[in-house]
Amino acid sequence: MPGKVIKVKRHEKLGFLERLYVPMIAQALVTVSRHFFRNMWGFITGNRTTFVVQYPEQRVDYPDAFRGMPVLVQLDNGQPRCVACGLCEFACPTDCISIVPGQLEGAGIERYPEAFDIDMSRCMFCGLCEEACPEEAIVMSREVEISGFDRASLYFDKEQLLVPEHLLKRRLDFLRSEYNRPRGAR
């Protein structure tokens with residue numbers, strides 16, 4: 001015999017107060033009041049046990065796996081690490097990335113992005129572009145505070161997306177440890 005049989009009361013008669021949800025409202029008020037006074041006591045005594053950040057002055061240190069706005073990794077010579085392969089553009093589920101590839105003169109088959117644009121109003125910070133990139137050229141930064149007064153201000157071009165490699169070191173080290181890549185390999 002499998003376990004205990006539970007009979008469900010489908011047509012239970014509720015009293016007047018239960019139909020008004022008075023017991024549930026009272027229980028919710030007790031819970032809210034308990035949290036309010038506990039937090040107020042911690043604020044008064046200075047012994048805070050809750051996690052509170054005074055936002056504009058203090059910032060949260062996000063974990064290494066945090067995914068913010070996608071950015072391009074800038075090499076020491078100022079050029080992007082991107083070779084315009086188009087894999088990030090293909091992997092993006094919202095089609096917010098657009099790349100115009102160009103050929104470098106005298107380098108044979110070397111390519112670079114003439115234009116690399118991301119529409120941040122459509123981006124959902126999924127990180128699929130980062131996973132698809134074989135060159136570690138596009139990574140998810142820690143920047144999440146993106147705002148604008150119109151849609152055109154949320155359209156980022158290549159120059160706005162370039163971030164020096166040393167500022168993305170923490171994210172790049174995390175990616176290399178996740179994929180078991182050696183430190184110098186791309």
# chains A, B, ... in the order shown; residues from 1 in each chain; ligands from 1
call {"tool": "select_by_dssp", "arguments": {"residues": "range 72-155 of chain A", "states": "strand (DSSP E or B)", "output": "PyMOL selection string"}}
result
chain A and resi 72-74+80+97-103+111-119+138-140+155
call {"tool": "write_last_selection", "arguments": {"atoms": "C-alpha atoms", "output": "mmCIF file, in the first residue's frame"}}
result
data_model
loop_
_atom_site.group_PDB
_atom_site.id
_atom_site.type_symbol
_atom_site.label_atom_id
_atom_site.label_comp_id
_atom_site.auth_asym_id
_atom_site.auth_seq_id
_atom_site.Cartn_x
_atom_site.Cartn_y
_atom_site.Cartn_z
ATOM 1 C CA LEU A 72 34.348 44.069 -26.132
ATOM 2 C CA VAL A 73 37.832 43.325 -24.833
ATOM 3 C CA GLN A 74 40.317 45.989 -25.947
ATOM 4 C CA PRO A 80 39.256 44.991 -30.190
ATOM 5 C CA ILE A 97 24.206 42.201 -31.955
ATOM 6 C CA SER A 98 25.172 43.329 -35.443
ATOM 7 C CA ILE A 99 28.672 42.998 -36.894
ATOM 8 C CA VAL A 100 30.084 44.380 -40.143
ATOM 9 C CA PRO A 101 33.338 42.497 -40.864
ATOM 10 C CA GLY A 102 36.278 44.051 -42.658
ATOM 11 C CA GLN A 103 39.582 42.785 -44.056
ATOM 12 C CA ARG A 111 39.489 40.151 -40.202
ATOM 13 C CA TYR A 112 38.299 42.778 -37.792
ATOM 14 C CA PRO A 113 34.905 44.339 -37.059
ATOM 15 C CA GLU A 114 34.378 47.568 -38.970
ATOM 16 C CA ALA A 115 31.187 48.028 -36.971
ATOM 17 C CA PHE A 116 30.089 46.175 -33.861
ATOM 18 C CA ASP A 117 26.772 47.342 -32.429
ATOM 19 C CA ILE A 118 24.637 46.068 -29.547
ATOM 20 C CA ASP A 119 21.089 47.243 -28.901
ATOM 21 C CA ILE A 138 33.081 39.672 -25.877
ATOM 22 C CA VAL A 139 32.528 39.217 -22.154
ATOM 23 C CA MET A 140 29.813 40.116 -19.681
ATOM 24 C CA TYR A 155 22.330 51.535 -29.018
#
call {"tool": "select_by_dssp", "arguments": {"residues": "range 93-148 of chain A", "states": "helix (DSSP H, G or I)", "output": "PyMOL selection string"}}
result
chain A and resi 128-132
call {"tool": "closest_residue", "arguments": {"among": "A:Cys82, A:Thr94, A:Ala65, A:Glu159", "to": "Asp173 in chain A", "atoms": "only C-alpha atoms"}}
result
A:Ala65
call {"tool": "atom_distance", "arguments": {"atom1": "CA of Glu131 in chain A", "atom2": "CA of Gln79 in chain A"}}
result
21.1 Å
call {"tool": "closest_residue", "arguments": {"among": "A:Ala26, A:Ser141, A:Arg38, A:Tyr62", "to": "Leu161 in chain A", "atoms": "only C-alpha atoms"}}
result
A:Ser141
call {"tool": "atom_distance", "arguments": {"atom1": "CA of Cys92 in chain A", "atom2": "CA of Arg122 in chain A"}}
result
10.4 Å
call {"tool": "atom_distance", "arguments": {"atom1": "CA of Lys4 in chain A", "atom2": "CA of Pro23 in chain A"}}
result
29.4 Å
